[in-house]
$ cat run-v2.txt   # compact mmCIF, C-alpha atoms and all ligand atoms
# COMPACT_ATOMS: atom_id res chain seq x y z
CA MET A 26 66.84 -23.91 -66.34
CA GLY A 27 67.10 -23.31 -70.06
CA GLY A 28 66.01 -25.85 -72.67
CA CYS A 29 68.19 -27.47 -75.41
CA SER A 30 67.45 -27.18 -79.16
CA SER A 31 68.42 -30.09 -81.40
CA GLN A 32 71.42 -28.13 -82.83
CA SER A 33 72.86 -27.29 -79.47
CA CYS A 34 72.32 -30.74 -78.01
CA HIS A 35 76.04 -31.33 -77.84
CA SER A 36 76.83 -28.13 -75.95
CA CYS A 37 73.73 -28.66 -73.76
CA PHE A 38 75.08 -32.06 -72.71
CA PHE A 39 78.29 -30.44 -71.46
CA GLU A 40 76.52 -27.79 -69.33
CA TYR A 41 76.54 -27.55 -65.59
CA GLN A 42 73.79 -25.60 -63.80
CA THR A 43 74.28 -24.14 -60.31
CA GLU A 44 72.14 -22.01 -58.00
CA ARG A 45 72.64 -18.28 -57.88
CA MET A 46 71.18 -16.11 -55.14
CA ILE A 47 69.14 -13.16 -56.44
CA VAL A 48 67.60 -10.73 -53.99
CA VAL A 49 64.50 -9.11 -55.49
CA LYS A 50 63.47 -5.89 -53.81
CA SER A 51 59.77 -5.95 -54.59
CA LYS A 52 56.85 -5.39 -52.26
CA VAL A 53 54.57 -7.59 -54.38
CA VAL A 54 56.93 -10.55 -54.71
CA GLY A 55 58.04 -10.19 -51.09
CA SER A 56 54.41 -10.21 -49.92
CA VAL A 57 53.61 -13.30 -52.01
CA PHE A 58 56.70 -15.03 -50.59
CA ARG A 59 55.77 -14.20 -46.98
CA LEU A 60 52.10 -15.09 -47.54
CA ILE A 61 52.91 -18.55 -48.91
CA GLN A 62 55.48 -19.06 -46.16
CA PHE A 63 52.86 -18.09 -43.56
CA LEU A 64 50.21 -20.40 -45.09
CA ILE A 65 52.57 -23.37 -45.04
CA ILE A 66 53.76 -22.69 -41.49
CA PHE A 67 50.12 -22.21 -40.39
CA TYR A 68 49.16 -25.51 -42.09
CA VAL A 69 52.06 -27.37 -40.49
CA ILE A 70 51.58 -25.99 -36.97
CA GLY A 71 47.78 -25.54 -36.97
CA TYR A 72 46.56 -28.55 -38.90
CA VAL A 73 49.37 -31.11 -38.94
CA CYS A 74 50.55 -30.57 -35.34
CA VAL A 75 47.52 -29.23 -33.39
CA VAL A 76 44.53 -30.78 -35.21
CA GLN A 77 45.99 -33.99 -36.67
CA LYS A 78 48.58 -34.46 -33.92
CA SER A 79 50.86 -36.06 -36.51
CA TYR A 80 53.69 -36.19 -33.99
CA GLN A 81 51.82 -39.03 -32.23
CA GLU A 82 51.76 -42.78 -32.65
CA THR A 83 48.15 -44.07 -32.59
CA ASP A 84 46.28 -47.20 -31.54
CA SER A 85 42.63 -48.34 -31.89
CA VAL A 86 40.49 -49.27 -28.93
CA ILE A 87 39.69 -52.86 -27.92
CA SER A 88 36.58 -53.03 -25.79
CA SER A 89 34.19 -55.27 -23.90
CA VAL A 90 30.64 -54.36 -22.91
CA THR A 91 28.13 -55.91 -20.49
CA THR A 92 24.72 -54.52 -19.62
CA LYS A 93 22.14 -55.02 -16.90
CA VAL A 94 18.60 -53.64 -17.10
CA LYS A 95 16.43 -53.00 -14.05
CA GLY A 96 12.84 -51.87 -13.56
CA THR A 97 9.32 -53.27 -13.14
CA GLY A 98 6.22 -52.66 -15.25
CA PHE A 99 2.53 -53.55 -15.01
CA THR A 100 0.05 -54.50 -17.76
CA ASN A 101 -3.61 -55.45 -17.72
CA THR A 102 -4.73 -57.06 -20.99
CA SER A 103 -7.60 -59.36 -21.94
CA ASP A 104 -5.15 -62.07 -23.02
CA LEU A 105 -2.84 -62.04 -20.02
CA GLY A 106 -4.91 -60.33 -17.29
CA ALA A 107 -3.17 -58.22 -14.64
CA ARG A 108 0.52 -58.90 -14.80
CA VAL A 109 3.76 -57.53 -13.40
CA TRP A 110 6.77 -57.56 -15.73
CA ASP A 111 10.29 -57.72 -14.36
CA VAL A 112 13.64 -57.85 -16.15
CA ALA A 113 13.45 -61.63 -16.72
CA ASP A 114 10.21 -61.10 -18.69
CA TYR A 115 10.99 -58.09 -20.88
CA ASN A 116 14.77 -58.34 -21.41
CA ILE A 117 15.20 -60.87 -24.26
CA PRO A 118 17.64 -62.63 -24.37
CA PRO A 119 18.79 -62.02 -20.77
CA GLN A 120 22.29 -61.18 -21.99
CA GLY A 121 23.67 -60.46 -25.42
CA GLU A 122 26.73 -59.16 -27.25
CA SER A 123 26.94 -55.40 -26.72
CA SER A 124 23.19 -55.07 -27.15
CA PHE A 125 20.00 -55.63 -25.18
CA PHE A 126 16.33 -55.68 -26.09
CA VAL A 127 13.52 -54.25 -23.98
CA LEU A 128 9.99 -55.40 -24.84
CA THR A 129 7.53 -52.50 -24.98
CA ASN A 130 4.51 -53.75 -26.95
CA MET A 131 3.15 -57.16 -27.97
CA ILE A 132 0.46 -59.27 -29.59
CA VAL A 133 -0.30 -62.30 -27.41
CA THR A 134 -1.88 -65.51 -28.73
CA PRO A 135 -2.54 -67.80 -25.73
CA ASN A 136 -3.41 -71.51 -25.55
CA GLN A 137 -1.99 -72.62 -28.90
CA THR A 138 -1.84 -76.39 -29.45
CA GLN A 139 -0.75 -78.61 -32.35
CA SER A 140 -4.07 -79.11 -34.20
CA THR A 141 -5.93 -78.10 -37.36
CA CYS A 142 -7.73 -74.83 -38.07
CA PRO A 143 -8.70 -72.69 -41.11
CA GLU A 144 -5.89 -70.48 -42.50
CA LEU A 145 -6.07 -66.70 -42.24
CA PRO A 146 -7.88 -65.40 -45.33
CA ASN A 147 -5.80 -64.05 -48.22
CA GLN A 148 -5.75 -64.46 -52.01
CA SER A 149 -4.03 -67.87 -51.91
CA THR A 150 -5.96 -69.39 -48.97
CA ILE A 151 -9.60 -68.46 -49.73
CA CYS A 152 -11.44 -71.46 -51.21
CA MET A 153 -14.88 -72.52 -52.41
CA SER A 154 -14.45 -76.29 -52.07
CA ASP A 155 -11.85 -78.93 -51.08
CA SER A 156 -10.61 -79.05 -54.70
CA ASP A 157 -9.13 -75.52 -54.21
CA CYS A 158 -6.85 -76.80 -51.42
CA LEU A 159 -3.77 -78.93 -52.04
CA GLU A 160 -2.99 -81.49 -49.35
CA GLY A 161 0.62 -81.16 -48.06
CA SER A 162 1.10 -77.70 -49.57
CA ASN A 163 3.36 -75.51 -47.41
CA ASP A 164 3.43 -71.77 -48.10
CA VAL A 165 6.37 -69.92 -46.47
CA ARG A 166 4.11 -66.94 -45.84
CA GLY A 167 1.38 -69.19 -44.42
CA ASN A 168 0.97 -70.65 -40.96
CA GLY A 169 1.12 -74.42 -41.50
CA ILE A 170 0.69 -77.42 -43.81
CA GLN A 171 -2.59 -77.68 -45.75
CA THR A 172 -4.77 -80.73 -45.05
CA GLY A 173 -6.66 -80.46 -48.36
CA LEU A 174 -9.96 -79.45 -46.75
CA CYS A 175 -11.85 -76.18 -47.25
CA MET A 176 -13.31 -74.92 -43.94
CA ASN A 177 -15.44 -72.02 -42.71
CA TYR A 178 -13.15 -69.25 -41.43
CA SER A 179 -16.14 -67.01 -40.69
CA GLU A 180 -19.80 -66.98 -41.66
CA THR A 181 -18.96 -65.52 -45.06
CA VAL A 182 -15.39 -66.66 -45.80
CA LYS A 183 -13.98 -70.17 -46.33
CA THR A 184 -10.23 -70.91 -46.24
CA CYS A 185 -8.03 -73.99 -46.61
CA GLU A 186 -7.46 -75.87 -43.38
CA VAL A 187 -3.87 -76.16 -42.03
CA LEU A 188 -2.08 -78.31 -39.50
CA SER A 189 -0.45 -75.78 -37.23
CA TRP A 190 -0.27 -74.19 -33.76
CA CYS A 191 -3.97 -73.28 -33.42
CA PRO A 192 -5.66 -70.86 -32.90
CA LEU A 193 -3.55 -68.86 -35.35
CA GLU A 194 -2.09 -65.48 -34.44
CA ILE A 195 -4.03 -62.46 -35.77
CA ASP A 196 -1.49 -59.64 -35.80
CA ILE A 197 -3.49 -56.84 -37.40
CA ASN A 198 -4.55 -55.31 -34.11
CA LEU A 199 -1.32 -53.94 -32.67
CA PRO A 200 -2.11 -51.87 -29.53
CA GLU A 201 -1.95 -48.17 -30.46
CA HIS A 202 -0.35 -47.33 -27.14
CA ALA A 203 2.63 -49.39 -26.02
CA LEU A 204 1.57 -51.93 -23.40
CA LEU A 205 4.66 -51.66 -21.22
CA VAL A 206 4.39 -47.90 -20.68
CA ALA A 207 6.67 -48.08 -17.63
CA ALA A 208 9.61 -49.21 -19.77
CA GLU A 209 10.66 -45.58 -20.20
CA ASP A 210 11.69 -45.47 -16.54
CA PHE A 211 13.76 -48.65 -16.64
CA THR A 212 17.48 -48.15 -16.20
CA VAL A 213 20.51 -49.92 -17.62
CA LEU A 214 23.96 -50.29 -16.12
CA ILE A 215 26.61 -50.35 -18.86
CA LYS A 216 29.98 -51.80 -17.87
CA ASN A 217 32.57 -50.98 -20.51
CA SER A 218 36.28 -51.84 -20.25
CA VAL A 219 38.72 -50.57 -22.87
CA THR A 220 42.34 -51.28 -23.73
CA TYR A 221 44.91 -49.61 -25.95
CA PRO A 222 47.39 -52.50 -26.17
CA LYS A 223 50.19 -50.49 -27.82
CA PHE A 224 50.32 -48.12 -24.85
CA ASN A 225 49.44 -50.73 -22.20
CA PHE A 226 46.51 -48.50 -21.22
CA HIS A 227 43.41 -49.99 -19.50
CA LYS A 228 40.34 -48.18 -18.21
CA ARG A 229 36.63 -48.72 -17.36
CA ASN A 230 33.64 -46.43 -17.69
CA ILE A 231 33.12 -47.05 -13.95
CA LEU A 232 35.81 -44.52 -13.08
CA PRO A 233 38.25 -45.06 -10.18
CA ASP A 234 36.53 -42.42 -8.00
CA VAL A 235 33.08 -44.10 -8.32
CA ASN A 236 32.24 -46.24 -5.25
CA SER A 237 29.48 -48.83 -4.81
CA SER A 238 27.22 -46.62 -2.67
CA TYR A 239 27.32 -43.94 -5.42
CA LEU A 240 26.52 -46.64 -8.00
CA LYS A 241 23.47 -47.76 -5.99
CA GLN A 242 21.74 -44.40 -6.31
CA CYS A 243 23.22 -42.49 -9.28
CA GLU A 244 21.71 -41.92 -12.72
CA PHE A 245 23.49 -40.47 -15.76
CA ASN A 246 22.91 -36.79 -16.34
CA ARG A 247 25.10 -34.93 -18.80
CA LYS A 248 25.35 -31.87 -16.52
CA THR A 249 25.04 -33.13 -12.96
CA ASP A 250 26.16 -36.79 -13.13
CA PRO A 251 28.25 -37.32 -16.30
CA ASP A 252 30.33 -40.14 -14.73
CA CYS A 253 27.40 -42.39 -13.73
CA PRO A 254 27.19 -45.49 -15.96
CA ILE A 255 23.47 -46.06 -15.22
CA PHE A 256 21.14 -44.66 -17.89
CA ARG A 257 17.35 -44.16 -17.88
CA LEU A 258 15.93 -45.53 -21.15
CA LYS A 259 13.71 -42.49 -21.74
CA ASP A 260 16.64 -40.08 -21.36
CA MET A 261 18.67 -41.97 -23.96
CA VAL A 262 15.78 -41.97 -26.45
CA SER A 263 15.17 -38.25 -25.80
CA GLU A 264 18.84 -37.43 -26.42
CA ALA A 265 18.45 -39.21 -29.77
CA GLU A 266 15.61 -36.71 -30.44
CA GLU A 267 12.91 -39.38 -30.39
CA ASP A 268 9.76 -39.84 -28.34
CA PHE A 269 9.95 -43.02 -26.23
CA GLN A 270 6.23 -43.83 -26.27
CA THR A 271 6.00 -43.40 -30.06
CA MET A 272 9.08 -45.55 -30.64
CA ALA A 273 7.77 -48.14 -28.17
CA ILE A 274 4.65 -48.93 -30.26
CA ARG A 275 6.44 -50.51 -33.24
CA GLY A 276 9.95 -50.80 -31.79
CA GLY A 277 13.27 -49.68 -33.22
CA VAL A 278 17.01 -49.71 -32.75
CA LEU A 279 18.86 -47.14 -30.68
CA GLY A 280 22.65 -46.73 -30.68
CA ILE A 281 24.49 -45.97 -27.45
CA ILE A 282 27.75 -44.61 -28.79
CA ILE A 283 30.77 -44.47 -26.47
CA ASP A 284 33.74 -42.50 -27.72
CA TRP A 285 37.07 -43.29 -26.04
CA SER A 286 39.30 -41.05 -28.21
CA CYS A 287 42.17 -39.94 -25.97
CA ASP A 288 45.37 -37.94 -26.07
CA LEU A 289 47.65 -40.02 -23.84
CA ASP A 290 50.26 -37.25 -23.65
CA TRP A 291 47.90 -35.79 -21.02
CA PRO A 292 47.40 -37.38 -17.57
CA GLU A 293 45.25 -40.53 -17.50
CA HIS A 294 42.23 -38.92 -15.81
CA TYR A 295 41.65 -36.76 -18.91
CA CYS A 296 40.86 -39.96 -20.83
CA GLY A 297 37.21 -40.89 -20.27
CA PRO A 298 34.10 -42.11 -22.11
CA LYS A 299 31.95 -39.65 -24.05
CA TYR A 300 28.38 -40.85 -24.51
CA SER A 301 25.99 -40.01 -27.33
CA PHE A 302 22.72 -41.56 -28.51
CA ARG A 303 21.27 -41.96 -31.98
CA ARG A 304 18.38 -43.86 -33.56
CA LEU A 305 19.88 -46.41 -35.94
CA ASP A 306 16.93 -47.98 -37.77
CA ASN A 307 15.14 -46.40 -40.69
CA LYS A 308 13.24 -43.27 -39.75
CA ILE A 309 12.64 -41.75 -43.17
CA PRO A 310 8.91 -40.81 -43.23
CA GLU A 311 8.60 -41.20 -47.02
CA ASN A 312 10.03 -44.74 -46.86
CA ASN A 313 7.98 -46.09 -44.00
CA VAL A 314 7.25 -49.61 -45.27
CA ALA A 315 7.92 -52.27 -42.60
CA PRO A 316 8.78 -49.85 -39.79
CA GLY A 317 10.18 -50.74 -36.37
CA TYR A 318 11.55 -53.97 -34.92
CA ASN A 319 9.71 -57.14 -33.85
CA PHE A 320 10.16 -60.88 -33.49
CA ARG A 321 8.22 -63.84 -32.08
CA PHE A 322 8.88 -66.13 -29.16
CA ALA A 323 6.75 -68.63 -27.23
CA LYS A 324 6.41 -69.89 -23.68
CA TYR A 325 5.62 -73.62 -23.55
CA TYR A 326 3.75 -75.53 -20.84
CA LYS A 327 1.67 -78.69 -20.40
CA THR A 328 -2.01 -78.58 -19.50
CA THR A 329 -3.44 -80.83 -16.77
CA ASP A 330 -4.39 -83.41 -19.41
CA GLY A 331 -0.72 -83.53 -20.52
CA ARG A 332 -1.20 -81.60 -23.77
CA GLU A 333 1.70 -79.45 -24.94
CA THR A 334 0.47 -75.87 -25.16
CA ARG A 335 2.15 -72.52 -25.73
CA THR A 336 1.58 -68.79 -25.48
CA LEU A 337 2.91 -67.07 -28.61
CA ILE A 338 4.15 -63.50 -28.21
CA LYS A 339 4.91 -61.21 -31.12
CA ALA A 340 7.26 -58.83 -29.35
CA TYR A 341 7.81 -55.20 -30.33
CA GLY A 342 10.51 -53.28 -28.52
CA ILE A 343 13.66 -51.25 -28.60
CA ARG A 344 17.03 -52.87 -29.17
CA PHE A 345 19.87 -50.87 -27.68
CA ASP A 346 23.22 -51.40 -29.46
CA VAL A 347 26.31 -50.27 -27.55
CA ILE A 348 28.92 -49.09 -30.07
CA VAL A 349 32.40 -48.36 -28.71
CA PHE A 350 35.02 -46.60 -30.79
CA GLY A 351 38.14 -44.53 -30.24
CA THR A 352 41.75 -43.91 -31.14
CA ALA A 353 44.48 -42.97 -28.70
CA GLY A 354 47.63 -41.07 -29.59
CA LYS A 355 50.95 -40.61 -27.79
CA PHE A 356 54.12 -38.71 -28.71
CA ASN A 357 56.62 -40.78 -30.66
CA MET A 358 59.92 -39.79 -32.32
CA VAL A 359 59.32 -41.65 -35.61
CA PRO A 360 56.09 -39.89 -36.76
CA THR A 361 57.55 -36.60 -35.48
CA ILE A 362 60.65 -36.91 -37.69
CA VAL A 363 58.58 -38.06 -40.68
CA ASN A 364 56.18 -35.12 -40.34
CA VAL A 365 58.89 -32.49 -39.68
CA GLY A 366 60.63 -33.77 -42.82
CA ALA A 367 57.39 -33.44 -44.79
CA ALA A 368 56.93 -29.90 -43.44
CA LEU A 369 60.45 -28.89 -44.52
CA THR A 370 59.80 -30.29 -47.99
CA PHE A 371 56.70 -28.15 -48.14
CA LEU A 372 58.73 -25.04 -47.25
CA SER A 373 61.03 -25.64 -50.23
CA LEU A 374 57.92 -25.32 -52.41
CA VAL A 375 57.69 -21.64 -51.43
CA ASN A 376 60.71 -20.78 -53.61
CA ALA A 377 59.39 -22.72 -56.58
CA VAL A 378 56.01 -20.93 -56.39
CA CYS A 379 57.67 -17.51 -55.94
CA ASN A 380 60.02 -18.11 -58.89
CA TRP A 381 57.06 -18.98 -61.07
CA PHE A 382 55.23 -15.84 -59.86
CA LEU A 383 58.33 -13.68 -60.43
CA LEU A 384 58.93 -14.91 -63.98
CA THR A 385 55.32 -15.05 -65.21
CA CYS A 386 53.06 -12.74 -63.20
CA THR A 387 55.11 -9.60 -62.49
CA LYS A 388 55.35 -6.52 -64.80
CA ARG A 389 59.15 -6.69 -64.86
CA ARG A 390 59.33 -10.42 -65.58
CA ASP A 391 61.75 -9.95 -68.54
CA TYR A 392 64.13 -7.94 -66.42
CA TYR A 393 64.02 -10.57 -63.67
CA SER A 394 64.52 -13.37 -66.22
CA LYS A 395 67.67 -11.68 -67.53
CA HIS A 396 69.21 -11.74 -64.12
CA LYS A 397 67.90 -15.13 -63.14
CA PHE A 398 69.76 -17.10 -65.85
CA THR A 399 73.42 -16.40 -66.49
CA TYR A 400 75.54 -18.37 -69.00
CA LEU A 401 79.31 -18.50 -68.56
CA ASP A 402 81.67 -19.42 -71.43
CA ASN A 403 83.77 -22.54 -71.16
CA ILE A 404 87.09 -21.53 -69.59
CA ASP A 405 88.88 -24.60 -71.06
CA ASP A 406 87.79 -23.75 -74.59
CA ASN A 407 89.03 -20.14 -74.28
CA ALA A 408 92.46 -21.32 -73.01
CA GLY A 409 92.82 -19.01 -70.08
CA GLU A 410 90.93 -16.04 -71.54
CA PRO A 411 89.05 -14.01 -68.90
CA LEU A 412 85.57 -15.37 -68.26
CA GLY A 413 82.93 -14.03 -70.58
CA GLU A 414 79.42 -13.59 -69.09
CA THR A 415 76.23 -13.83 -71.10
CA THR A 416 72.91 -13.06 -69.51
CA TYR A 417 69.84 -14.26 -71.28
CA GLY A 418 66.21 -13.88 -70.61
CA THR A 419 64.91 -17.14 -71.96
CA ARG A 420 66.45 -19.71 -74.18
N1 LIG B 1 20.06 -51.18 -14.36
C1 LIG B 1 20.46 -50.77 -13.16
N2 LIG B 1 19.88 -49.69 -12.60
C2 LIG B 1 20.26 -49.25 -11.40
N3 LIG B 1 21.23 -49.83 -10.66
C3 LIG B 1 21.82 -50.92 -11.16
C4 LIG B 1 21.48 -51.44 -12.43
N4 LIG B 1 22.23 -52.51 -12.65
C5 LIG B 1 23.02 -52.66 -11.58
N5 LIG B 1 22.77 -51.70 -10.68
C6 LIG B 1 23.45 -51.52 -9.41
O1 LIG B 1 24.82 -51.32 -9.66
C7 LIG B 1 25.60 -52.03 -8.73
C8 LIG B 1 26.54 -52.95 -9.43
O2 LIG B 1 25.82 -53.90 -10.18
P1 LIG B 1 26.34 -55.40 -10.35
O3 LIG B 1 25.50 -56.04 -11.38
O4 LIG B 1 27.79 -55.36 -10.61
O5 LIG B 1 26.15 -56.01 -8.91
P2 LIG B 1 25.03 -56.98 -8.32
O6 LIG B 1 25.18 -56.95 -6.85
O7 LIG B 1 25.08 -58.29 -8.97
O8 LIG B 1 23.68 -56.22 -8.72
P3 LIG B 1 22.18 -56.69 -8.42
O9 LIG B 1 22.23 -57.93 -7.60
O10 LIG B 1 21.54 -55.52 -7.72
O11 LIG B 1 21.58 -56.93 -9.75
C9 LIG B 1 24.63 -52.72 -7.80
O12 LIG B 1 24.44 -51.89 -6.67
C10 LIG B 1 23.37 -52.79 -8.60
O13 LIG B 1 22.21 -52.81 -7.77
$ encode --input "run-v2.txt" --output "structure tokens"
Amino acid sequence: MGGCSSQSCHSCFFEYQTERMIVVKSKVVGSVFRLIQFLIIFYVIGYVCVVQKSYQETDSVISSVTTKVKGTGFTNTSDLGARVWDVADYNIPPQGESSFFVLTNMIVTPNQTQSTCPELPNQSTICMSDSDCLEGSNDVRGNGIQTGLCMNYSETVKTCEVLSWCPLEIDINLPEHALLVAAEDFTVLIKNSVTYPKFNFHKRNILPDVNSSYLKQCEFNRKTDPDCPIFRLKDMVSEAEEDFQTMAIRGGVLGIIIDWSCDLDWPEHYCGPKYSFRRLDNKIPENNVAPGYNFRFAKYYKTTDGRETRTLIKAYGIRFDVIVFGTAGKFNMVPTIVNVGAALTFLSLVNAVCNWFLLTCTKRRDYYSKHKFTYLDNIDDNAGEPLGETTYGTR
């Protein structure tokens, strides 16, 4: 406990220090001691055992997801006329990895063929004469390869001609209301199987008590039907605090989050999926450049004269990403011993903290110091003399 000066280095080397029990009758020190003891026991039982469950061995979930969308919509546009849309039309691609896309709005450019036509007007395509256009030039932001001719785009504007799929798509007039309004009532069946390999635990979100007749007519509802794996698209978007019809205009990405966190010390039926929904793409109003989600695809066909023709669709819609996560825990002796050991080490800290408090923060710290450190003379040196006792405060 005491320190060694340079003169007494020799005697310091031949010292032996041993514990001595001192009982301090003090309400203040006693209260500090009990308070720290209580805090550590509360931390160990409340946080380490109950919240963290440190007595358990853990494993991360391995999961597979498949989805199937159902529903039918109707549109009546000048480009396509009256048309019924079923899942094969609006679900693109028909099956994907843990995600599916539902088309809600579109810009259709029908009857495109490989031919030449004037480029859409912009700073680099507007021309006065053929000398302004470079034959073979290919702009990545353009629509084709320039032929070197300057053509009338409208009565007042001339642009460079391109070899491309003509007529070109004009995508400035996106419908202000989503075309496939009915998409909000489409439903999706999510089949999710999970495994915790360490515990040889397997389960599906189609729970053992769900039968096929229930599956034919059920729909997920957090209060009345929480076990049904069939979800209405509008309900999911609403739970993510979004408006379906607004999101449907420019598209977006919605996360279907399935939490499989389980305590496997409890019976198996307590371990089930917990669903939540959240919009994942950018929704910050002050950073609204390039909002939503869209891509292009085309449907190809041959006309009666054998000419290859296509209908180009710029598709806007909602992509649903199914995100599965979870950790399972089960009692195991090894983490229990490790954590009980750590807790006991913590308890030994109580004495160190109380000693520091006793010797530095109390009014009678000098008195306590005197009794805390006791120096005994060397019995060998005094050749059998009775033991002399020296009590010091500090050295
Ligand atoms: N999106 C959905 N909305 C409502 N019910 C669905 C949906 N997807 C599947 N179902 C129903 O859930 C059950 C199981 O679907 P599953 O795909 O395994 O079988 P299926 O017989 O191939 O389905 P189906 O031929 O009707 O597409 C079937 O009764 C099916 O009709």
$ closest_residue --input "run-v2.txt" --among "A:Tyr300, A:Ser189, A:Ser238, A:Phe226" --to "Asp252 (chain A)" --atoms "all atoms listed in the file"
A:Tyr300
$ atom_distance --input "run-v2.txt" --atom1 "CA of Ala367 (chain A)" --atom2 "CA of Met46 (chain A)"
24.4 Å
$ residues_near_ligand --input "run-v2.txt" --ligand "ligand LIG 1 (chain B)" --cutoff "6 Å" --atoms "all atoms listed in the file" --output "NGL selection string"
:A and (93-95 or 212-214 or 240-241 or 255)
$ atom_distance --input "run-v2.txt" --atom1 "CA of Pro310 (chain A)" --atom2 "CA of Val262 (chain A)"
18.2 Å
$ atom_distance --input "run-v2.txt" --atom1 "CA of Ala265 (chain A)" --atom2 "CA of Phe211 (chain A)"
16.8 Å
$ closest_residue --input "run-v2.txt" --among "A:Ser56, A:Ser394, A:Ser85, A:Asn177" --to "Cys379 (chain A)" --atoms "all atoms listed in the file"
A:Ser56
$ axis_aligned_box --input "run-v2.txt" --around "region 390-404 of chain A" --padding-each-side "5 Å" --output "lines of an AutoDock Vina configuration file"
center_x = 73.2
center_y = -15.2
center_z = -67.3
size_x = 37.8
size_y = 24.6
size_z = 18.3
$ closest_residue --input "run-v2.txt" --among "A:Ile65, A:Met131, A:Leu337, A:Cys296" --to "Leu193 (chain A)" --atoms "all atoms listed in the file"
A:Leu337
$ closest_residue --input "run-v2.txt" --among "A:Glu264, A:Asp391, A:Glu144, A:Asp290" --to "Asn357 (chain A)" --atoms "only C-alpha atoms"
A:Asp290
$ closest_residue --input "run-v2.txt" --among "A:Gln137, A:Ser156, A:Asn217, A:Asn319" --to "Arg344 (chain A)" --atoms "only C-alpha atoms"
A:Asn319
$ closest_residue --input "run-v2.txt" --among "A:Ser88, A:Glu311, A:Tyr341, A:Tyr115" --to "Pro200 (chain A)" --atoms "only C-alpha atoms"
A:Tyr341
$ residues_around --input "run-v2.txt" --residues "Val187 (chain A)" --least-positions-apart "5" --cutoff "7 Å" --atoms "only C-alpha atoms" --output "ChimeraX atom specification"
/A:141-144,169-172
$ decode --input "run-v2.txt" --residues "region 107-119 of chain A" --atoms "N, CA and C atoms" --output "compact mmCIF listing (two decimals), in the first residue's frame"
# COMPACT_ATOMS: atom_id res chain seq x y z
N ALA A 107 -58.29 0.37 -73.99
CA ALA A 107 -58.78 -0.30 -72.78
C ALA A 107 -57.97 -1.59 -72.59
N ARG A 108 -57.50 -1.78 -71.36
CA ARG A 108 -56.62 -2.93 -71.16
C ARG A 108 -56.69 -3.44 -69.72
N VAL A 109 -56.76 -4.76 -69.61
CA VAL A 109 -56.75 -5.38 -68.28
C VAL A 109 -55.31 -5.82 -68.00
N TRP A 110 -54.88 -5.55 -66.76
CA TRP A 110 -53.51 -5.92 -66.36
C TRP A 110 -53.59 -7.04 -65.32
N ASP A 111 -52.93 -8.16 -65.61
CA ASP A 111 -52.83 -9.18 -64.55
C ASP A 111 -51.38 -9.32 -64.13
N VAL A 112 -51.13 -10.25 -63.20
CA VAL A 112 -49.81 -10.32 -62.57
C VAL A 112 -48.65 -10.48 -63.57
N ALA A 113 -48.93 -11.18 -64.69
CA ALA A 113 -47.86 -11.39 -65.68
C ALA A 113 -47.50 -10.09 -66.38
N ASP A 114 -48.39 -9.09 -66.33
CA ASP A 114 -48.10 -7.80 -66.98
C ASP A 114 -47.36 -6.83 -66.03
N TYR A 115 -47.82 -6.76 -64.77
CA TYR A 115 -47.30 -5.70 -63.91
C TYR A 115 -46.22 -6.16 -62.95
N ASN A 116 -46.01 -7.47 -62.79
CA ASN A 116 -44.99 -7.97 -61.86
C ASN A 116 -43.73 -8.28 -62.67
N ILE A 117 -42.70 -7.40 -62.56
CA ILE A 117 -41.52 -7.51 -63.43
C ILE A 117 -40.25 -7.57 -62.58
N PRO A 118 -39.35 -8.52 -62.70
CA PRO A 118 -39.54 -9.78 -63.42
C PRO A 118 -40.50 -10.67 -62.63
N PRO A 119 -41.03 -11.74 -63.24
CA PRO A 119 -42.04 -12.54 -62.55
C PRO A 119 -41.58 -13.11 -61.22
